[in-house]
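Worksheet: one structure, shown below.
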Number of protein chains: 2
Amino acid sequence: MNSNIKISYPGSEKVYLKGSIYPDLRVGMRKVTQMPTVTVKDGMRMETPNPSIYIYDTSGPYSDNDIDIDLEKGLPRLREKWIKERAMNDSENIGQMYYAKRGIITPEMEYVAIRENMNCKELGIETHITPEFVCKEVAEGRAVIPANINHPESEPMIIGRNFLVKINTNIGNSATTSSIEEEVEKAVWSCKWGGDTLMDLSTGNNIHETREWILRNCPVPVGTVPMYQALEKVNGKAEDLTWKIFRDVLIEQCEQGVDYFTIHCGIRLKNVKLASERLTGMVSRGGSIISKWCNIHQKESFLYEHFDDICDILSKYDVAVSLGDGLRPGSIYDANDRAQFAELDTMGELVERAWAKNVQAFIEGPGHVPMHKIQENMERQIVKCHNAPFYTLGPLVTDIAPGYDHITSAIGAAQIAWLGTAMLCYVTPKEHLALPNKDDVRDGVIAFKLAAHAADIAKQHPGAMIRDNALSKARYEFRWKDQFNLSLDPEKALEYYKTANHVGGKYCTMCGPNFCAMRISQTICDEE
Amino acid sequence: MNSNIKISYPGSEKVYLKGSIYPDLRVGMRKVTQMPTVTVKDGMRMETPNPSIYIYDTSGPYSDNDIDIDLEKGLPRLREKWIKERAMNDSENIGQMYYAKRGIITPEMEYVAIRENMNCKELGIETHITPEFVCKEVAEGRAVIPANINHPESEPMIIGRNFLVKINTNIGNSATTSSIEEEVEKAVWSCKWGGDTLMDLSTGNNIHETREWILRNCPVPVGTVPMYQALEKVNGKAEDLTWKIFRDVLIEQCEQGVDYFTIHCGIRLKNVKLASERLTGMVSRGGSIISKWCNIHQKESFLYEHFDDICDILSKYDVAVSLGDGLRPGSIYDANDRAQFAELDTMGELVERAWAKNVQAFIEGPGHVPMHKIQENMERQIVKCHNAPFYTLGPLVTDIAPGYDHITSAIGAAQIAWLGTAMLCYVTPKEHLALPNKDDVRDGVIAFKLAAHAADIAKQHPGAMIRDNALSKARYEFRWKDQFNLSLDPEKALEYYKTANHVGGKYCTMCGPNFCAMRISQTICDEE
């Protein structure tokens, strides 16, 4: 295993912002330094400085030159001290929601408040995001800080519709593909490009070991679908699954440090048959497994029956539950149908039961939805699920573009995030076709980062447009490097720029010397 | 020059639908043949046929095996006979709008009505799109059929918000890049992937010759920005431009067969200075050139002053005018500002003057617009421009993703098209960075085809979802080939699929044998 993976961004340095409630907090950010604006007036050259821009940073210690990365040892355990101190003070219920309900601001809460504000403090922008606000949002279930006590390597982040829209990336091998090393590389790669959380969806051999490598080296929260490991334990026979087997898997993964579990507790026996009315039945792996179990045994699923027991386990580790939508539509034809909305109703019941046990919860959503049916999804979810955060897979707004589904889904994702979805599960160009490789992960992450950012802007999140404005100003002033350094993928932008063999810098081959609108436009301004 | 370019699509054949008002009309469509659905019940193998799907086809004669392509000779002149007959019967005013206002259905109108309906007739779907409806929409200015009498090679198509959303692709070399051969190849390539119209934006040498090759070999309408050629004639000195020079260029291009001109007539002297309040000034090349002229001469532009003369020329050839938005925002910060909307008001005046001379017209729109400001653009355009079709460039919903602007703009494009934009100008991944190569053209076209199609679905255009439903059914039934053949880019889908080394066909490496949701879901249905 290559034990010295580092991440760097051009024109950027890693900086740490300090806490005030917890003065020893160090919140990592990426600081992009800009060149000055140069103007020439009456033969005099003037330089006007441009401010540094702070960018939300998911790369953790990988981008800190002062930290040696050793994958064998794992990342520094940022949260270990806080967790230990809480364990000393309280005998049980060590979760963020427990403290939030009591109005206690944890270090995690102050950390995310600082992190969310990016450029606001530096640029004097007013913001509603304070540690107190974070605390209130978590207490009322509108936001989740996934933070297993056994994953102290993870940097606190928050998922909720009054915060920056987050994106999740899926990695993981199947029975037939890829090595552990590849998966760890993909995990770091995902963090480099901006993935906020990471789901390890491995289904093949070495599930436990793969996950261990990922967890110890992952600076963002990690989610799993525990059913996959449970099914491996019964050699793929869904009918042989039992609550005991599933429970043991949950405990094993809680002990390892998984931060959130997707569990398809919302599948009710009476609703399974609704999928047979569909064009594309069931497309959720976890959902189809538990549905098969229900159907063979003609019983309510043990996931639904034991939901309170599940929450009791999760609350001990502060693992969040992501209520999986086993009946999500797999084609736009099936969108917003009876099956989908019946399951949403059940998830609404369950989320209140989770909160009663101080388990943080969010709700998974579709999938494939045509644009004119997106709004109904969001509005219904808010009402039925009592403001719990929504976490959608896209949605894809058409089915006809396999090979380009990162785009069909980014279109739906931007819209549903604008309407209130808190986290977007990325989709790569290989969706429906193959498992993603590193390039696909990068394409998927960037497509979803830009969709999430577009939603932050449309929601008028404090300071979200600062980066756009800085980049556009750099573009207009032909500060190409600043333009690239401020972009989501500086390496790609530079690569494309270089292919065009630019001359001088005051125009480019797109327009040639006579046709550069920006240059002509500047001349007009100078003349006025 | 490679004189034998052909286009083929897997599992598809070229078919021709016939007219009824004009029985000798032959409207080319792509017919995709599907495999039957195979089911096994009680040991019996059953085959249920699946219908053929008709796909709107922009590839013209290139995909007809019975036609020999010879780039030196140019494509068959499909519309020549109609145009000649009209010239014999009428002495002047041979435009589509002229006939439409008199309730006369031209062959072009029936052609587009058949073309727009795709699968409706075959599948018994009701549709409002009849030749009479087309005629009414053109008469009232809500739709445009760009069809220069000197471009008889072009297959009729319609641009209007009550029809399928169309996409335009831009090609063309600049002073420093690419050959004529490359540009012709890109033009055919654009038609292969689904470009509905093509703009030749060449600015370098050989403008006339490049355009001639493209026109003679292009089965879709071709647009240009005549100002580029005019500027070359004055060696790049905007201040030396005159009405006479511009007029000569217009006539030259009308004679050659250009179907629509982007002209920035909406720039008023009083509005030029509004751009200086902006973050990114002016980003339209044509707009900045004429603004510079206005500023230097301190006069209204000759484009505005001579608008009626321009229309007199255009009406003789049935060339449509695309009112260029020289003051479109070049950053989301500048969106919906005074400069932009002042120009829109002027365009609203001009469009009525164009119609008075039977010149078909559409209105160009932004550019860069954050999602929450898109709706205002569309609503204002409809009111101010009296329902003339809107033709937007994206819009890009964030500025921070150079290298991925086909995606940032597809997000905005899908939304604005849903709201009523009739044609979307594609954006490639190289936007802001370099001129697109063939791969970029493909990426740009597909991103915009899927955005346009998503909008057709959201608008509930008759039959739009047929293709999605057929593809999704094929996916659910593991008819991989049908899934790919029905997709926007069968080659890419197959390529990605192959990388995953699929086994058997009843599952793939994404999930492995135990985790395929669709397979499990089918089993559940079989058991019920």
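Following the order of the structure tokens, chains are lettered A, B, ..., residues in each are numbered from 1, and ligands are numbered from 1.
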
Based on only C-alpha atoms, which of the residues in chain A come within 6 Å of chain B? I want them as an MDAnalysis selection string.
chainID A and resid 174:175 236 276 280:285 288 371:372 397:403 411 433:435 454 458 468 476 487:488 493 497 500 510:512 514:515 517:518 521 525

Could you go through range 327-461 of chain B and tell me which residues DSSP, when run on the backbone, assigns to strand (DSSP E or B), listing them as a PyMOL selection string? chain B and resi 361-365+368+390-393+396+423-425

Residues as selected, N, CA and C atoms, written as a PDB file, in the first residue's frame, can you do that?
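This is the output file part.pdb:
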ATOM      1  N   ALA B 361     -38.133  35.730 -36.255  1.00  0.00           N
ATOM      2  CA  ALA B 361     -37.159  36.249 -35.284  1.00  0.00           C
ATOM      3  C   ALA B 361     -37.163  35.440 -33.999  1.00  0.00           C
ATOM      4  N   PHE B 362     -36.008  35.326 -33.418  1.00  0.00           N
ATOM      5  CA  PHE B 362     -35.950  34.846 -32.033  1.00  0.00           C
ATOM      6  C   PHE B 362     -34.959  35.676 -31.240  1.00  0.00           C
ATOM      7  N   ILE B 363     -34.988  35.467 -29.936  1.00  0.00           N
ATOM      8  CA  ILE B 363     -34.304  36.364 -29.004  1.00  0.00           C
ATOM      9  C   ILE B 363     -33.252  35.580 -28.237  1.00  0.00           C
ATOM     10  N   GLU B 364     -32.028  36.091 -28.232  1.00  0.00           N
ATOM     11  CA  GLU B 364     -30.988  35.387 -27.477  1.00  0.00           C
ATOM     12  C   GLU B 364     -30.971  35.802 -26.008  1.00  0.00           C
ATOM     13  N   GLY B 365     -30.662  34.833 -25.168  1.00  0.00           N
ATOM     14  CA  GLY B 365     -30.655  35.092 -23.730  1.00  0.00           C
ATOM     15  C   GLY B 365     -29.400  34.549 -23.062  1.00  0.00           C
ATOM     16  N   HIS B 368     -24.951  33.603 -17.820  1.00  0.00           N
ATOM     17  CA  HIS B 368     -24.688  33.174 -16.431  1.00  0.00           C
ATOM     18  C   HIS B 368     -25.852  33.678 -15.567  1.00  0.00           C
ATOM     19  N   PHE B 390     -37.319  32.053 -27.332  1.00  0.00           N
ATOM     20  CA  PHE B 390     -36.132  32.422 -26.563  1.00  0.00           C
ATOM     21  C   PHE B 390     -35.044  31.391 -26.855  1.00  0.00           C
ATOM     22  N   TYR B 391     -33.834  31.862 -26.978  1.00  0.00           N
ATOM     23  CA  TYR B 391     -32.698  31.011 -27.378  1.00  0.00           C
ATOM     24  C   TYR B 391     -31.555  31.377 -26.434  1.00  0.00           C
ATOM     25  N   THR B 392     -31.308  30.527 -25.444  1.00  0.00           N
ATOM     26  CA  THR B 392     -30.357  30.897 -24.390  1.00  0.00           C
ATOM     27  C   THR B 392     -29.057  30.101 -24.468  1.00  0.00           C
ATOM     28  N   LEU B 393     -28.034  30.687 -23.904  1.00  0.00           N
ATOM     29  CA  LEU B 393     -26.704  30.063 -23.818  1.00  0.00           C
ATOM     30  C   LEU B 393     -26.579  29.518 -22.393  1.00  0.00           C
ATOM     31  N   LEU B 396     -25.380  29.180 -17.278  1.00  0.00           N
ATOM     32  CA  LEU B 396     -24.541  28.593 -16.244  1.00  0.00           C
ATOM     33  C   LEU B 396     -25.059  29.046 -14.877  1.00  0.00           C
ATOM     34  N   MET B 423     -34.890  27.077 -27.678  1.00  0.00           N
ATOM     35  CA  MET B 423     -33.631  26.493 -28.162  1.00  0.00           C
ATOM     36  C   MET B 423     -32.510  26.832 -27.193  1.00  0.00           C
ATOM     37  N   LEU B 424     -31.646  25.843 -26.986  1.00  0.00           N
ATOM     38  CA  LEU B 424     -30.526  25.983 -26.060  1.00  0.00           C
ATOM     39  C   LEU B 424     -29.229  25.966 -26.851  1.00  0.00           C
ATOM     40  N   CYS B 425     -28.404  26.952 -26.649  1.00  0.00           N
ATOM     41  CA  CYS B 425     -27.084  26.914 -27.269  1.00  0.00           C
ATOM     42  C   CYS B 425     -26.180  26.093 -26.366  1.00  0.00           C
TER      43      CYS B 425
END

Please identify all polymer residues within 10 Å of Asp439 in chain B, counting only C-alpha atoms, omitting same-chain residues fewer than 6 positions from it, and present them as JSON, numbers by chain. {"B": [186, 189, 428, 429, 445]}

Selected residues, N, CA, C and O atoms, written as an mmCIF file, in the first residue's frame, please.
data_model
loop_
_atom_site.group_PDB
_atom_site.id
_atom_site.type_symbol
_atom_site.label_atom_id
_atom_site.label_comp_id
_atom_site.auth_asym_id
_atom_site.auth_seq_id
_atom_site.Cartn_x
_atom_site.Cartn_y
_atom_site.Cartn_z
ATOM 1 N N LYS B 186 -16.536 18.416 -37.692
ATOM 2 C CA LYS B 186 -17.266 18.772 -36.465
ATOM 3 C C LYS B 186 -18.741 18.996 -36.763
ATOM 4 O O LYS B 186 -19.607 18.630 -35.959
ATOM 5 N N TRP B 189 -20.359 15.652 -37.167
ATOM 6 C CA TRP B 189 -20.302 15.070 -35.820
ATOM 7 C C TRP B 189 -21.434 15.634 -34.943
ATOM 8 O O TRP B 189 -22.128 14.913 -34.235
ATOM 9 N N THR B 428 -19.580 23.638 -24.178
ATOM 10 C CA THR B 428 -18.730 22.444 -24.074
ATOM 11 C C THR B 428 -17.869 22.524 -22.809
ATOM 12 O O THR B 428 -17.790 23.586 -22.176
ATOM 13 N N PRO B 429 -17.209 21.422 -22.453
ATOM 14 C CA PRO B 429 -16.326 21.454 -21.279
ATOM 15 C C PRO B 429 -15.202 22.493 -21.423
ATOM 16 O O PRO B 429 -14.646 22.939 -20.432
ATOM 17 N N VAL B 445 -22.922 18.394 -26.947
ATOM 18 C CA VAL B 445 -24.207 18.049 -27.568
ATOM 19 C C VAL B 445 -25.004 17.117 -26.655
ATOM 20 O O VAL B 445 -26.182 17.353 -26.383
#

| Distance criterion (only C-alpha atoms): nearest to Thr210 in chain B out of B:Leu323, B:Val234, B:Gln256, B:Leu25 |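 The shortest atom-to-atom distance to Thr210 in chain B comes from B:Gln256.
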
- [ ] List every residue of range 212-379 of chain A that DSSP, applied to the backbone of this structure, places in alpha helix (DSSP H), and write the result as a count of residues only.
- [x] 84

List the neighbours of range 124-140 of chain A out to 7 Å using only C-alpha atoms; skip same-chain residues closer than 5 positions along the sequence, and give me the result as an NGL selection string.
:A and (97 or 100-101 or 103 or 105 or 109-110 or 113 or 117 or 462-463)

For the selection you just gave me, I'd like the residues written to a file as a compact mmCIF listing (two decimals), in the first residue's frame, keeping all heavy atoms.
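Saved to part_7.txt:
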# COMPACT_ATOMS: atom_id res chain seq x y z
N MET A 97 -27.16 14.68 19.68
CA MET A 97 -28.54 15.09 19.86
C MET A 97 -28.90 15.19 21.35
O MET A 97 -29.66 16.06 21.77
CB MET A 97 -29.49 14.12 19.15
CG MET A 97 -30.91 14.66 19.03
SD MET A 97 -31.97 13.57 18.07
CE MET A 97 -33.08 14.77 17.33
N ALA A 100 -27.50 18.42 22.43
CA ALA A 100 -28.21 19.52 21.78
C ALA A 100 -29.55 19.77 22.46
O ALA A 100 -29.93 20.93 22.71
CB ALA A 100 -28.41 19.20 20.30
N LYS A 101 -30.27 18.70 22.78
CA LYS A 101 -31.58 18.87 23.42
C LYS A 101 -31.45 19.56 24.77
O LYS A 101 -32.38 20.20 25.24
CB LYS A 101 -32.24 17.50 23.60
CG LYS A 101 -32.85 16.93 22.33
CD LYS A 101 -33.49 15.57 22.62
CE LYS A 101 -34.08 14.96 21.36
NZ LYS A 101 -34.51 13.55 21.62
N GLY A 103 -29.21 21.85 25.26
CA GLY A 103 -28.60 23.17 25.01
C GLY A 103 -27.11 23.21 25.24
O GLY A 103 -26.51 24.28 25.38
N ILE A 105 -23.47 22.99 23.97
CA ILE A 105 -22.72 23.10 22.70
C ILE A 105 -21.46 22.25 22.81
O ILE A 105 -20.60 22.51 23.65
CB ILE A 105 -22.38 24.57 22.39
CG1 ILE A 105 -23.67 25.35 22.11
CG2 ILE A 105 -21.42 24.67 21.21
CD1 ILE A 105 -23.50 26.84 22.04
N MET A 109 -20.07 20.96 17.51
CA MET A 109 -21.01 21.99 17.07
C MET A 109 -20.30 23.30 16.75
O MET A 109 -20.59 23.95 15.75
CB MET A 109 -22.10 22.21 18.12
CG MET A 109 -23.01 21.00 18.31
SD MET A 109 -24.18 21.26 19.67
CE MET A 109 -24.62 19.55 20.04
N GLU A 110 -19.38 23.68 17.62
CA GLU A 110 -18.66 24.92 17.29
C GLU A 110 -17.80 24.73 16.05
O GLU A 110 -17.69 25.63 15.20
CB GLU A 110 -17.78 25.40 18.46
CG GLU A 110 -17.22 26.78 18.12
CD GLU A 110 -16.32 27.41 19.17
OE1 GLU A 110 -15.76 26.70 20.00
OE2 GLU A 110 -16.18 28.65 19.11
N ALA A 113 -19.89 25.16 12.97
CA ALA A 113 -20.32 26.55 12.80
C ALA A 113 -19.21 27.37 12.14
O ALA A 113 -19.45 28.14 11.20
CB ALA A 113 -20.73 27.16 14.13
N ASN A 117 -19.01 28.84 7.84
CA ASN A 117 -19.02 30.28 7.56
C ASN A 117 -17.97 30.73 6.55
O ASN A 117 -18.05 31.85 6.04
CB ASN A 117 -18.88 31.07 8.86
CG ASN A 117 -20.21 31.16 9.57
OD1 ASN A 117 -21.24 31.36 8.93
ND2 ASN A 117 -20.22 30.97 10.88
N PRO A 462 -25.16 32.40 3.26
CA PRO A 462 -24.22 33.50 3.49
C PRO A 462 -22.84 33.22 2.89
O PRO A 462 -22.24 32.21 3.18
CB PRO A 462 -24.14 33.58 5.02
CG PRO A 462 -25.35 32.89 5.53
CD PRO A 462 -25.75 31.88 4.50
N GLY A 463 -22.40 34.12 2.06
CA GLY A 463 -21.04 34.01 1.53
C GLY A 463 -20.84 33.04 0.39
O GLY A 463 -19.73 32.92 -0.15

Across A:Glu305, A:Gln96, A:Ile214, A:Cys120, the smallest distance to Ala143 in chain A, with only C-alpha atoms counted, is shown by A:Gln96

Exercise. Neighbours of range 241-248 of chain B within 9 Å (only C-alpha atoms; same-chain residues fewer than 4 positions away dropped), as a PyMOL selection string?
Worked result: chain B and resi 226-227+229-231+233-234+237+252-253+290+293+302-303+306+309-310+313

For a test of reading the model, state the distance in Å between CA of Val258 in chain A and CA of Lys192 in chain A, rounded to one decimal.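 According to the coordinates, CA of Val258 in chain A and CA of Lys192 in chain A are separated by 20.3 Å.
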